[in-house]
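See below for the structure under consideration.
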Amino acid sequence: MIGLVVVSHSRPLARAAVALATELLPAQPVRIEIAAGLDEQTLGTDAVAVADAITAADTGEGVLLLMDLGSAILSAETALDLLADPHEVHLCAAPLVEGLVAALAAAGGGADLAATAREAESALDAKRTQLGDSPRHPRSVSAPTEDTTQIARPQADAVFEVTNAHGLHARPAAELVSALNDLDAEVLLRNATTGAGPVPGNSLTRVLTLGVLPGHRLEVAATGPEAALAIEQVRTVTSGH
């Protein structure tokens with residue numbers, strides 16, 4: 001499983017971002033390290049601290065770095081030159097908070113470094129959708145490989161009215177993605193009320209673009225050995241039970 005490193009000018013900011021992500025996605029077996037601030041009060045970044053964080057986060061499958069402002073990127077680039085041993089590292093252009101949440105969801109589901117980076121870098125798609133902009137959907141290897149423009153040939157399917165008080169906003173969407181990632185099933189979700197989707201249920205960034213609100217109807221199609229269980233997981237989350 002890949003590791004994550006948060007590089008920020010502010011140690012309290014980095015800790016708050018990690019706290020938010022891990023509260024939304026608890027019990028993810030992903031190593032997250034922080035390299036932030038020069039101390040508890042002093043803003044700044046330290047390339048040596050970033051290098052140490054990369055080493056601590058790397059379990060052999062690579063490390064994704066999420067950064068805040070300009071010199072955080074410079075420190076991250078310098079850190080790569082300081083590493084004594086080779087590490088597979090990706091410096092991610094994603095926004096710090098949204099990118100971290102998306103990366104944690106993807107990495108926790110077993111996505112590799114490249115797929116996790118793509119998920120993180122698509123993290124603003126849901127916000128673009130809510131603001132009326134067109135989201136970008138780069139192809140992700142974590143998504144089903146077949147054509148997903150139509151929901152077809154499911155082993156199990158259902159349509160639910162979403163009665164969860166928050167729809168599929170950040171917390172319930174993260175809960176749903178985490179639950180589906182634990183199952184041997186491929187799931188497609190479509191907002192039958194607005195026509196948005198379908199999108200793969202294992203992608204937090206894509207699920208959020210559906211803009212599912214209370215009262216919307218969510219169409220679900222699942223294939224695989226645990227397809228029926230996946231349908232029940234969606235039913236549970238969308239009902240708020």
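Ligands are numbered from 1 in the order shown, residues from 1 within each chain, and chains are lettered A, B, ... in the order they appear in the structure tokens.
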
#### Entry: Backbone DSSP call of strand (DSSP E or B) for stretch 73-218 of chain A, listed as a PyMOL selection string
chain A and resi 89-92+156-161+186-191+199-200+217-218

### Task
Please identify all polymer residues within 7 Å of stretch 88-91 of chain A, counting only C-alpha atoms, omitting same-chain residues fewer than 6 positions from it, and present them as a VMD selection string.
chain A and resid 62 to 66

Now that the selection is made, can you save its residues with C-alpha atoms as a PDB file, in the first residue's frame?
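Output file part36.pdb follows:
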ATOM      1  CA  GLY A  62       5.575   4.457  -3.369  1.00  0.00           C
ATOM      2  CA  VAL A  63       4.706   7.751  -1.716  1.00  0.00           C
ATOM      3  CA  LEU A  64       2.352  10.542  -2.777  1.00  0.00           C
ATOM      4  CA  LEU A  65       3.236  14.065  -1.604  1.00  0.00           C
ATOM      5  CA  LEU A  66       0.539  16.711  -1.175  1.00  0.00           C
TER       6      LEU A  66
END

### Message
Give me the residues near A:Leu218 as number ranges by chain, where near means some atom within 12 Å (using only C-alpha atoms) and where sequence neighbours in that chain fewer than 2 positions away do not count.
### Response
A: 157-164, 167-168, 188-199, 201, 207, 210-216, 220-221, 231, 234-235, 237-239

### Task
Mind the document's chain letters and residue numbers, and return as a ChimeraX atom specification the residues of stretch 2-239 of chain A that DSSP labels helix (DSSP H, G or I).
/A:11-24,47-57,70-82,96-108,113-121,125-130,170-181,204-208,227-239

### Task
Would you list the contacts of stretch 18-31 of chain A as a ChimeraX atom specification, taking every protein, DNA or RNA residue within 9 Å and counting only C-alpha atoms, but skipping same-chain residues closer than 5 positions in sequence?
/A:1-6,13,56-59,97-98,100-102,104-105,107-109,170-172,174-175,178

Write a file of the selected residues as a compact mmCIF listing (two decimals), in the first residue's frame, keeping N, CA, C and O atoms.
# COMPACT_ATOMS: atom_id res chain seq x y z
N MET A 1 0.85 -1.19 0.00
CA MET A 1 0.00 0.00 0.00
C MET A 1 0.88 1.24 0.00
O MET A 1 1.90 1.29 0.71
N ILE A 2 0.48 2.24 -0.78
CA ILE A 2 1.30 3.45 -0.86
C ILE A 2 1.16 4.27 0.42
O ILE A 2 0.22 4.10 1.20
N GLY A 3 2.13 5.18 0.63
CA GLY A 3 2.08 6.10 1.75
C GLY A 3 1.80 7.51 1.28
O GLY A 3 1.96 7.84 0.10
N LEU A 4 1.37 8.36 2.21
CA LEU A 4 1.06 9.75 1.92
C LEU A 4 1.89 10.65 2.81
O LEU A 4 2.11 10.35 3.99
N VAL A 5 2.33 11.78 2.25
CA VAL A 5 3.05 12.80 3.01
C VAL A 5 2.38 14.15 2.77
O VAL A 5 2.13 14.53 1.63
N VAL A 6 2.10 14.86 3.86
CA VAL A 6 1.52 16.19 3.79
C VAL A 6 2.62 17.21 4.08
O VAL A 6 3.22 17.19 5.16
N LEU A 13 -2.01 23.41 10.53
CA LEU A 13 -2.82 23.21 9.33
C LEU A 13 -2.70 21.78 8.83
O LEU A 13 -3.70 21.14 8.48
N ALA A 56 9.74 7.52 6.10
CA ALA A 56 8.83 6.92 7.08
C ALA A 56 7.54 6.41 6.45
O ALA A 56 6.97 5.41 6.90
N ALA A 57 7.06 7.09 5.40
CA ALA A 57 5.78 6.73 4.79
C ALA A 57 5.89 5.59 3.79
O ALA A 57 4.88 4.94 3.48
N ASP A 58 7.09 5.34 3.29
CA ASP A 58 7.26 4.38 2.20
C ASP A 58 7.30 2.94 2.72
O ASP A 58 8.20 2.57 3.47
N THR A 59 6.31 2.15 2.33
CA THR A 59 6.30 0.73 2.68
C THR A 59 6.73 -0.13 1.49
O THR A 59 6.57 -1.35 1.53
N VAL A 97 -6.35 19.87 0.96
CA VAL A 97 -7.39 19.21 1.76
C VAL A 97 -8.18 18.22 0.90
O VAL A 97 -8.28 17.04 1.24
N GLU A 98 -8.76 18.70 -0.21
CA GLU A 98 -9.55 17.81 -1.05
C GLU A 98 -8.70 16.66 -1.59
O GLU A 98 -9.15 15.52 -1.68
N LEU A 100 -6.01 15.32 -0.24
CA LEU A 100 -5.68 14.36 0.79
C LEU A 100 -6.84 13.41 1.05
O LEU A 100 -6.64 12.19 1.19
N VAL A 101 -8.06 13.93 1.12
CA VAL A 101 -9.22 13.07 1.35
C VAL A 101 -9.36 12.06 0.20
O VAL A 101 -9.55 10.86 0.42
N ALA A 102 -9.26 12.55 -1.03
CA ALA A 102 -9.38 11.66 -2.19
C ALA A 102 -8.26 10.63 -2.22
O ALA A 102 -8.48 9.45 -2.53
N LEU A 104 -6.52 9.46 0.32
CA LEU A 104 -6.70 8.48 1.39
C LEU A 104 -7.74 7.44 1.00
O LEU A 104 -7.57 6.24 1.25
N ALA A 105 -8.83 7.89 0.38
CA ALA A 105 -9.87 6.95 -0.06
C ALA A 105 -9.32 5.98 -1.10
O ALA A 105 -9.56 4.77 -1.04
N ALA A 107 -6.02 5.23 -1.83
CA ALA A 107 -4.95 4.39 -1.30
C ALA A 107 -5.51 3.34 -0.35
O ALA A 107 -5.07 2.18 -0.36
N GLY A 108 -6.50 3.73 0.47
CA GLY A 108 -7.10 2.77 1.38
C GLY A 108 -7.81 1.64 0.66
O GLY A 108 -7.95 0.54 1.20
N GLY A 109 -8.27 1.91 -0.56
CA GLY A 109 -8.91 0.88 -1.37
C GLY A 109 -7.93 0.04 -2.17
O GLY A 109 -8.34 -0.81 -2.95
N ALA A 170 -19.75 14.76 1.62
CA ALA A 170 -18.42 14.22 1.92
C ALA A 170 -18.43 13.01 2.85
O ALA A 170 -17.88 11.96 2.52
N ARG A 171 -19.04 13.14 4.04
CA ARG A 171 -18.94 12.05 5.00
C ARG A 171 -19.64 10.77 4.53
O ARG A 171 -19.02 9.70 4.52
N PRO A 172 -20.94 10.82 4.14
CA PRO A 172 -21.56 9.58 3.69
C PRO A 172 -20.95 9.03 2.41
O PRO A 172 -20.87 7.82 2.23
N ALA A 174 -17.78 9.26 1.57
CA ALA A 174 -16.54 8.60 2.00
C ALA A 174 -16.84 7.27 2.67
O ALA A 174 -16.13 6.27 2.45
N GLU A 175 -17.89 7.24 3.47
CA GLU A 175 -18.29 5.99 4.13
C GLU A 175 -18.67 4.94 3.09
O GLU A 175 -18.28 3.76 3.20
N SER A 178 -15.52 3.70 1.14
CA SER A 178 -14.73 2.83 2.01
C SER A 178 -15.37 1.45 2.12
O SER A 178 -14.68 0.42 2.04

### Query
Using only C-alpha atoms, which of A:Ser10, A:Asn181, A:Thr223, A:Thr205 sits nearest A:Leu124?
A:Thr205

### Task
Have a look at A:Ala156, A:Ala103, A:Leu131, A:Val7 and name the one nearest to A:Gly44; count only C-alpha atoms.
A:Val7

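The nearest approach to A:Ala106 among the residues A:Asp81, A:Ala93, A:His9, A:Leu180, with only C-alpha atoms taken into account, belongs to A:Leu180.
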
### Task
Using only C-alpha atoms, find the one residue out of A:Glu61, A:Glu121, A:Asp182, A:Asp52 that sits nearest to A:Ala76.
A:Asp52

### Message
So that I can see what lies close to A:Thr45, please list as a list in words the residues with an atom at most 10 Å from it, counting only C-alpha atoms and leaving out residues fewer than 3 positions away in the same chain.
### Response
Val7, Ser8, His9, Ser10, Arg11, Ala35, Ala36, Gly37, Leu38, Asp39, Thr42, Val48, Ala49, Val50, Leu69, Ser71, Ala72, Ile73, Leu74, Ser75 and Ala76 of chain A

Please dump the current selection as a PDB file, in the first residue's frame; keep N, CA, C and O atoms.
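Saved as out.pdb:
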ATOM      1  N   VAL A   7       2.874  18.077   3.097  1.00  0.00           N
ATOM      2  CA  VAL A   7       3.913  19.099   3.229  1.00  0.00           C
ATOM      3  C   VAL A   7       3.221  20.458   3.285  1.00  0.00           C
ATOM      4  O   VAL A   7       2.562  20.865   2.332  1.00  0.00           O
ATOM      5  N   SER A   8       3.373  21.138   4.415  1.00  0.00           N
ATOM      6  CA  SER A   8       2.696  22.413   4.599  1.00  0.00           C
ATOM      7  C   SER A   8       3.602  23.381   5.341  1.00  0.00           C
ATOM      8  O   SER A   8       4.510  22.975   6.070  1.00  0.00           O
ATOM      9  N   HIS A   9       3.341  24.670   5.159  1.00  0.00           N
ATOM     10  CA  HIS A   9       4.058  25.690   5.917  1.00  0.00           C
ATOM     11  C   HIS A   9       3.635  25.705   7.382  1.00  0.00           C
ATOM     12  O   HIS A   9       4.369  26.224   8.234  1.00  0.00           O
ATOM     13  N   SER A  10       2.473  25.170   7.675  1.00  0.00           N
ATOM     14  CA  SER A  10       1.909  25.256   9.016  1.00  0.00           C
ATOM     15  C   SER A  10       1.674  23.861   9.589  1.00  0.00           C
ATOM     16  O   SER A  10       0.924  23.065   9.015  1.00  0.00           O
ATOM     17  N   ARG A  11       2.300  23.579  10.723  1.00  0.00           N
ATOM     18  CA  ARG A  11       2.096  22.277  11.360  1.00  0.00           C
ATOM     19  C   ARG A  11       0.648  22.106  11.827  1.00  0.00           C
ATOM     20  O   ARG A  11       0.055  21.042  11.599  1.00  0.00           O
ATOM     21  N   ALA A  35       5.182  16.672   7.231  1.00  0.00           N
ATOM     22  CA  ALA A  35       6.409  17.478   7.237  1.00  0.00           C
ATOM     23  C   ALA A  35       5.953  18.921   7.085  1.00  0.00           C
ATOM     24  O   ALA A  35       5.721  19.395   5.978  1.00  0.00           O
ATOM     25  N   ALA A  36       5.797  19.601   8.208  1.00  0.00           N
ATOM     26  CA  ALA A  36       5.119  20.906   8.162  1.00  0.00           C
ATOM     27  C   ALA A  36       5.663  21.842   9.227  1.00  0.00           C
ATOM     28  O   ALA A  36       5.894  21.439  10.364  1.00  0.00           O
ATOM     29  N   GLY A  37       5.833  23.094   8.834  1.00  0.00           N
ATOM     30  CA  GLY A  37       6.309  24.098   9.772  1.00  0.00           C
ATOM     31  C   GLY A  37       7.749  23.857  10.189  1.00  0.00           C
ATOM     32  O   GLY A  37       8.279  22.757  10.081  1.00  0.00           O
ATOM     33  N   LEU A  38       8.385  24.919  10.675  1.00  0.00           N
ATOM     34  CA  LEU A  38       9.739  24.766  11.222  1.00  0.00           C
ATOM     35  C   LEU A  38       9.686  24.325  12.675  1.00  0.00           C
ATOM     36  O   LEU A  38      10.618  23.708  13.182  1.00  0.00           O
ATOM     37  N   ASP A  39       8.590  24.657  13.356  1.00  0.00           N
ATOM     38  CA  ASP A  39       8.254  24.145  14.680  1.00  0.00           C
ATOM     39  C   ASP A  39       6.760  24.366  14.865  1.00  0.00           C
ATOM     40  O   ASP A  39       6.056  24.674  13.897  1.00  0.00           O
ATOM     41  N   THR A  42       6.269  28.301  14.078  1.00  0.00           N
ATOM     42  CA  THR A  42       6.968  28.999  13.002  1.00  0.00           C
ATOM     43  C   THR A  42       6.600  28.421  11.643  1.00  0.00           C
ATOM     44  O   THR A  42       6.736  27.220  11.405  1.00  0.00           O
ATOM     45  N   VAL A  48      14.802  18.551   4.689  1.00  0.00           N
ATOM     46  CA  VAL A  48      15.270  17.379   5.445  1.00  0.00           C
ATOM     47  C   VAL A  48      14.085  16.677   6.100  1.00  0.00           C
ATOM     48  O   VAL A  48      13.978  15.439   6.089  1.00  0.00           O
ATOM     49  N   ALA A  49      13.173  17.469   6.676  1.00  0.00           N
ATOM     50  CA  ALA A  49      11.984  16.882   7.295  1.00  0.00           C
ATOM     51  C   ALA A  49      11.112  16.180   6.260  1.00  0.00           C
ATOM     52  O   ALA A  49      10.534  15.118   6.536  1.00  0.00           O
ATOM     53  N   VAL A  50      11.024  16.747   5.070  1.00  0.00           N
ATOM     54  CA  VAL A  50      10.241  16.111   4.006  1.00  0.00           C
ATOM     55  C   VAL A  50      10.878  14.783   3.614  1.00  0.00           C
ATOM     56  O   VAL A  50      10.184  13.765   3.450  1.00  0.00           O
ATOM     57  N   LEU A  69       1.805  25.559  -0.477  1.00  0.00           N
ATOM     58  CA  LEU A  69       2.229  26.724  -1.251  1.00  0.00           C
ATOM     59  C   LEU A  69       3.606  26.534  -1.874  1.00  0.00           C
ATOM     60  O   LEU A  69       4.304  25.560  -1.597  1.00  0.00           O
ATOM     61  N   SER A  71       6.903  27.312  -1.779  1.00  0.00           N
ATOM     62  CA  SER A  71       8.155  26.787  -1.251  1.00  0.00           C
ATOM     63  C   SER A  71       7.997  25.381  -0.692  1.00  0.00           C
ATOM     64  O   SER A  71       8.996  24.666  -0.514  1.00  0.00           O
ATOM     65  N   ALA A  72       6.768  24.966  -0.429  1.00  0.00           N
ATOM     66  CA  ALA A  72       6.552  23.570  -0.056  1.00  0.00           C
ATOM     67  C   ALA A  72       6.930  22.661  -1.223  1.00  0.00           C
ATOM     68  O   ALA A  72       7.489  21.577  -1.026  1.00  0.00           O
ATOM     69  N   ILE A  73       6.626  23.128  -2.435  1.00  0.00           N
ATOM     70  CA  ILE A  73       7.009  22.359  -3.618  1.00  0.00           C
ATOM     71  C   ILE A  73       8.523  22.338  -3.765  1.00  0.00           C
ATOM     72  O   ILE A  73       9.128  21.293  -4.043  1.00  0.00           O
ATOM     73  N   LEU A  74       9.166  23.480  -3.554  1.00  0.00           N
ATOM     74  CA  LEU A  74      10.634  23.532  -3.641  1.00  0.00           C
ATOM     75  C   LEU A  74      11.277  22.611  -2.620  1.00  0.00           C
ATOM     76  O   LEU A  74      12.249  21.905  -2.916  1.00  0.00           O
ATOM     77  N   SER A  75      10.750  22.607  -1.403  1.00  0.00           N
ATOM     78  CA  SER A  75      11.297  21.730  -0.367  1.00  0.00           C
ATOM     79  C   SER A  75      11.097  20.264  -0.731  1.00  0.00           C
ATOM     80  O   SER A  75      11.984  19.430  -0.500  1.00  0.00           O
ATOM     81  N   ALA A  76       9.933  19.950  -1.311  1.00  0.00           N
ATOM     82  CA  ALA A  76       9.676  18.574  -1.718  1.00  0.00           C
ATOM     83  C   ALA A  76      10.624  18.142  -2.826  1.00  0.00           C
ATOM     84  O   ALA A  76      11.159  17.024  -2.811  1.00  0.00           O
TER      85      ALA A  76
END

### Query
With distances taken over only C-alpha atoms, which of A:Gly60, A:Pro12, A:Gly240, A:Pro200 is nearest to A:Asp112?
A:Gly60

### Nearest-residue call for A:His87, choices A:Leu113, A:Ala165, A:Ala126, A:Ala185, using only C-alpha atoms
A:Leu113

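Atom CA of A:Pro95 is positioned 18.8 Å from atom CA of A:Leu43.
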
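Reported to one decimal place, the separation of atom CA of A:Asp46 from atom CA of A:Ala79 is 8.5 Å.
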